[in-house]
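Below is coords-v6.cif, holding mmCIF, C-alpha atoms.
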data_input
loop_
_atom_site.label_atom_id
_atom_site.label_comp_id
_atom_site.auth_asym_id
_atom_site.auth_seq_id
_atom_site.Cartn_x
_atom_site.Cartn_y
_atom_site.Cartn_z
CA MET A 1 -0.63 5.26 -1.06
CA ALA A 2 0.53 6.82 2.18
CA ALA A 3 1.19 10.56 2.39
CA TRP A 4 4.91 10.12 3.09
CA GLN A 5 5.23 7.97 -0.03
CA LYS A 6 3.54 10.65 -2.11
CA TRP A 7 6.00 13.25 -0.82
CA TRP A 8 9.02 11.08 -1.66
CA VAL A 9 7.71 10.35 -5.15
CA THR A 10 7.07 14.06 -5.65
CA LEU A 11 10.61 14.91 -4.53
CA PHE A 12 12.23 12.33 -6.82
CA PHE A 13 10.25 13.44 -9.85
CA LEU A 14 10.71 17.13 -9.00
CA ILE A 15 14.48 16.65 -9.20
CA GLN A 16 14.01 14.95 -12.58
CA ALA A 17 11.83 17.83 -13.80
CA LEU A 18 14.37 20.43 -12.65
CA VAL A 19 17.21 18.62 -14.45
CA ALA A 20 15.15 18.34 -17.64
CA GLY A 21 14.07 21.98 -17.40
CA GLY A 22 17.68 23.08 -16.91
CA GLY A 23 18.75 21.09 -19.98
CA ILE A 24 16.00 22.68 -22.08
CA LEU A 25 16.94 26.18 -20.87
CA LEU A 26 20.62 25.54 -21.64
CA TRP A 27 19.74 24.43 -25.17
CA TYR A 28 17.34 27.33 -25.77
CA PHE A 29 19.65 30.06 -24.37
CA GLN A 30 22.97 28.56 -25.47
CA SER A 31 24.26 31.86 -26.84
CA GLU A 32 23.95 33.63 -23.46
CA PRO A 33 27.17 34.13 -21.44
CA GLU A 34 25.86 32.20 -18.39
CA ALA A 35 24.89 29.26 -20.58
CA GLN A 36 28.32 29.34 -22.26
CA LEU A 37 29.94 29.23 -18.80
CA ILE A 38 27.82 26.22 -17.73
CA LEU A 39 28.41 24.40 -21.03
CA GLY A 40 32.15 25.03 -20.67
CA TRP A 41 32.09 23.57 -17.15
CA LEU A 42 30.15 20.50 -18.39
CA ALA A 43 33.01 19.81 -20.82
CA THR A 44 35.49 19.48 -17.92
CA PRO A 45 36.07 16.17 -16.06
CA PRO A 46 33.99 17.22 -12.99
CA GLY A 47 31.17 18.27 -15.33
CA GLN A 48 31.36 14.95 -17.16
CA ALA A 49 31.17 13.08 -13.82
CA THR A 50 28.16 15.19 -12.85
CA MET A 51 26.39 14.34 -16.11
CA VAL A 52 27.10 10.61 -15.60
CA GLY A 53 25.72 10.84 -12.05
CA VAL A 54 22.56 12.63 -13.22
CA ALA A 55 22.08 10.12 -16.04
CA ALA A 56 22.49 7.20 -13.60
CA TYR A 57 19.94 8.81 -11.25
CA LEU A 58 17.44 9.18 -14.09
CA ILE A 59 17.95 5.58 -15.21
CA VAL A 60 17.53 4.21 -11.68
CA LEU A 61 14.40 6.34 -11.22
CA ALA A 62 12.93 5.09 -14.50
CA LEU A 63 13.70 1.43 -13.67
CA GLY A 64 12.23 1.84 -10.18
CA THR A 65 9.05 3.35 -11.59
CA ILE A 66 8.68 0.57 -14.15
CA ALA A 67 9.33 -2.12 -11.52
CA ALA A 68 6.75 -0.60 -9.15
CA ALA A 69 4.16 -0.47 -11.92
CA VAL A 70 4.79 -4.01 -13.17
CA PHE A 71 5.28 -5.91 -9.91
CA ARG A 72 2.62 -4.20 -7.80
CA PRO A 73 -0.10 -6.72 -6.93
CA THR A 74 -3.45 -6.24 -8.63
CA THR A 75 -6.16 -5.64 -6.05
CA VAL A 76 -9.87 -5.52 -6.80
CA LYS A 77 -13.10 -4.41 -5.13
CA GLN A 78 -14.97 -7.49 -6.38
CA LEU A 79 -13.34 -10.90 -6.56
CA THR A 80 -14.66 -13.74 -8.72
CA ILE A 81 -14.82 -16.80 -6.50
CA VAL A 82 -16.62 -19.16 -8.92
CA HIS A 83 -16.12 -19.08 -12.68
CA ASP A 84 -17.78 -21.61 -14.97
CA GLY A 85 -18.23 -20.36 -18.53
CA ALA A 86 -20.62 -17.42 -18.47
CA TYR A 87 -21.60 -18.19 -14.88
CA GLN A 88 -19.66 -16.12 -12.33
CA VAL A 89 -20.05 -15.50 -8.64
CA LYS A 90 -18.37 -12.36 -7.36
CA VAL A 91 -17.92 -11.29 -3.77
CA ASP A 92 -17.71 -7.62 -2.81
CA GLN A 93 -14.92 -6.24 -0.64
CA GLY A 94 -17.43 -4.55 1.69
CA ALA A 95 -19.23 -7.85 2.25
CA VAL A 96 -15.98 -9.58 3.19
CA GLU A 97 -15.09 -6.75 5.59
CA LYS A 98 -18.51 -6.88 7.30
CA ASN A 99 -18.28 -10.65 7.61
CA LEU A 100 -14.85 -10.37 9.22
CA ARG A 101 -16.15 -7.76 11.67
CA LEU A 102 -18.87 -10.21 12.71
CA THR A 103 -16.23 -12.93 13.02
CA LEU A 104 -14.31 -10.72 15.48
CA ALA A 105 -17.30 -10.46 17.87
CA PRO A 106 -16.30 -13.39 20.16
CA TYR A 107 -12.94 -11.73 20.85
CA GLU A 108 -14.56 -8.78 22.67
CA LEU A 109 -12.66 -6.06 20.85
CA TYR A 110 -14.00 -2.52 20.97
CA ASN A 111 -14.24 -0.50 17.73
CA ALA A 112 -13.16 -3.56 15.77
CA ASP A 113 -12.60 -2.86 12.10
CA ALA A 114 -11.36 -5.01 9.24
CA LYS A 115 -9.83 -3.73 6.00
CA VAL A 116 -9.41 -6.20 3.16
CA ARG A 117 -7.33 -6.02 -0.02
CA MET A 118 -8.22 -8.84 -2.36
CA HIS A 119 -5.66 -10.00 -4.93
CA LYS A 120 -7.26 -10.93 -8.23
CA LYS A 121 -4.82 -13.45 -9.71
CA ARG A 122 -4.11 -15.57 -6.65
CA ARG A 123 -7.50 -15.31 -4.93
CA GLN A 124 -5.82 -14.20 -1.72
CA ALA A 125 -6.52 -11.40 0.71
CA ASP A 126 -4.48 -9.08 2.90
CA VAL A 127 -6.40 -8.27 6.08
CA THR A 128 -5.77 -5.45 8.54
CA ILE A 129 -7.55 -5.67 11.88
CA THR A 130 -7.73 -2.59 14.11
CA GLY A 131 -9.45 -2.21 17.43
CA MET A 132 -9.21 -1.67 21.14
CA LEU A 133 -8.61 -4.47 23.60
CA SER A 134 -11.33 -4.82 26.18
CA GLN A 135 -10.32 -5.63 29.71
CA ARG A 136 -11.96 -9.04 29.37
CA SER A 137 -10.10 -10.12 26.23
CA GLU A 138 -7.13 -12.46 26.49
CA ALA A 139 -4.18 -10.75 24.80
CA ARG A 140 -1.52 -13.47 25.09
CA HIS A 141 -2.60 -15.71 22.23
CA LEU A 142 -4.88 -13.24 20.47
CA ARG A 143 -2.89 -12.82 17.28
CA ALA A 144 -2.58 -16.55 16.62
CA ASP A 145 -6.27 -17.06 17.37
CA LEU A 146 -7.24 -14.19 15.08
CA HIS A 147 -5.05 -15.53 12.29
CA ARG A 148 -6.54 -19.00 12.54
CA THR A 149 -10.14 -17.73 12.79
CA ILE A 150 -9.86 -15.26 9.91
CA ALA A 151 -8.08 -17.75 7.66
CA ASN A 152 -10.77 -20.37 8.34
CA ASP A 153 -13.60 -17.86 7.84
CA LEU A 154 -12.24 -16.58 4.53
CA LYS A 155 -11.67 -20.12 3.25
CA GLN A 156 -15.05 -21.49 4.34
CA GLN A 157 -17.23 -18.51 3.48
CA PHE A 158 -15.58 -17.16 0.31
CA ASP A 159 -12.93 -19.69 -0.78
CA ILE A 160 -10.23 -17.01 -0.42
CA ASP A 161 -6.83 -17.72 1.13
CA LEU A 162 -5.35 -15.38 3.74
CA ARG A 163 -2.05 -14.00 2.45
CA LYS A 164 -1.12 -11.51 5.13
CA LEU A 165 -2.67 -10.43 8.43
CA LYS A 166 -1.86 -7.20 10.25
CA VAL A 167 -3.26 -6.75 13.73
CA LYS A 168 -3.21 -3.25 15.21
CA LEU A 169 -4.70 -3.29 18.69
CA THR A 170 -4.58 -0.51 21.25
CA PRO A 171 -5.26 -0.79 24.96
CA TYR A 172 -8.65 0.27 26.29
CA ASN A 173 -8.94 4.01 26.88
CA HIS A 174 -11.85 5.52 28.86
CA LYS A 175 -11.72 8.76 26.83
CA GLN A 176 -12.66 7.14 23.50
CA LYS A 177 -16.15 6.27 22.36
CA VAL A 178 -16.82 2.58 21.99
CA ALA A 179 -18.92 0.81 19.38
CA ILE A 180 -19.53 -2.87 20.06
CA VAL A 181 -20.51 -5.16 17.20
#
Have the structure of the file written as structure tokens, please.
Amino acid sequence: MAAWQKWWVTLFFLIQALVAGGGILLWYFQSEPEAQLILGWLATPPGQATMVGVAAYLIVLALGTIAAAVFRPTTVKQLTIVHDGAYQVKVDQGAVEKNLRLTLAPYELYNADAKVRMHKKRRQADVTITGMLSQRSEARHLRADLHRTIANDLKQQFDIDLRKLKVKLTPYNHKQKVAIV
């Protein structure tokens, strides 16, 4: 999960915690004059509208959390590619990534790296390719060529379909160190 997503989740659940904490404090100190003032305001029409708004926020937050937990794709580090009774052949995520890095060698990319997320139920993979364009590489049709090559390699080598491909290439920079595969 990205850092910005963690901060947003923290903010949404912090608001929920503050509302719940305020409700508990109002119930515990209900005989105090400040609590009586707040409880009196909550009985007015603006207070009722505020409570409906807070309740709607909490319901939407709960439904969003449940939906994210249920519909998030299941990714695995090892994917079973052949299953016949007790006989199973599993492929490791690191092996698939190294194979894809070797597949990228003809494209003359510097610092080429491949990240793979394998989906268990559909036997598909999301691939992210990062690297630096060399001055000899042809950039016009590179994405289509990469998509075709990676899809063929995954299907032939591991019997995994390519679901999504992200290509993040930067231009060559003389100030960066280069590792060639």
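The coordinates place atom CA of Arg123 of chain A at 22.1 Å from atom CA of Ala144 of chain A.
Evaluated against this file, the PyMOL selection byres ((chain A and resi 56-63) around 10) yields Val9, Phe12, Phe13, Ile15, Gln16, Val19, Thr50, Met51, Val52, Gly53, Val54, Ala55, Gly64, Thr65, Ile66, Ala67, Ala68 and Ala69 of chain A.
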Env of Asp126 of chain A: 12 Å cut, atoms = all atoms listed in the file, seq-sep filter 4 positions within chain, self excluded. Answer as a CSV table (one decimal) with C-alpha atoms, in the coordinates of the input.
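Full text of out.csv as output:
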chain,number,residue,atom,x,y,z
A,73,PRO,CA,-0.1,-6.7,-6.9
A,74,THR,CA,-3.4,-6.2,-8.6
A,75,THR,CA,-6.2,-5.6,-6.0
A,76,VAL,CA,-9.9,-5.5,-6.8
A,93,GLN,CA,-14.9,-6.2,-0.6
A,96,VAL,CA,-16.0,-9.6,3.2
A,97,GLU,CA,-15.1,-6.8,5.6
A,114,ALA,CA,-11.4,-5.0,9.2
A,115,LYS,CA,-9.8,-3.7,6.0
A,116,VAL,CA,-9.4,-6.2,3.2
A,117,ARG,CA,-7.3,-6.0,0.0
A,118,MET,CA,-8.2,-8.8,-2.4
A,119,HIS,CA,-5.7,-10.0,-4.9
A,120,LYS,CA,-7.3,-10.9,-8.2
A,122,ARG,CA,-4.1,-15.6,-6.6
A,147,HIS,CA,-5.0,-15.5,12.3
A,150,ILE,CA,-9.9,-15.3,9.9
A,151,ALA,CA,-8.1,-17.8,7.7
A,154,LEU,CA,-12.2,-16.6,4.5
A,160,ILE,CA,-10.2,-17.0,-0.4
A,161,ASP,CA,-6.8,-17.7,1.1
A,162,LEU,CA,-5.4,-15.4,3.7
A,163,ARG,CA,-2.0,-14.0,2.4
A,164,LYS,CA,-1.1,-11.5,5.1
A,165,LEU,CA,-2.7,-10.4,8.4
A,166,LYS,CA,-1.9,-7.2,10.2
A,167,VAL,CA,-3.3,-6.8,13.7
Residues in the PyMOL selection byres ((chain A and resi 171) around 6), expressed as a PyMOL selection string
chain A and resi 132-133+170+172
Please provide the set of residues having any atom within 8 Å of Val91 of chain A, restricted to only C-alpha atoms, with same-chain residues fewer than 6 positions apart removed, written as a PyMOL selection string.
chain A and resi 78-81+158
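A straight line drawn from atom CA of Leu142 of chain A to atom CA of Leu102 of chain A is 16.3 Å long.
Closest approach to Trp27 of chain A among A:Leu169, A:Ala95, A:Leu39, A:Val89: A:Leu39, based on only C-alpha atoms.
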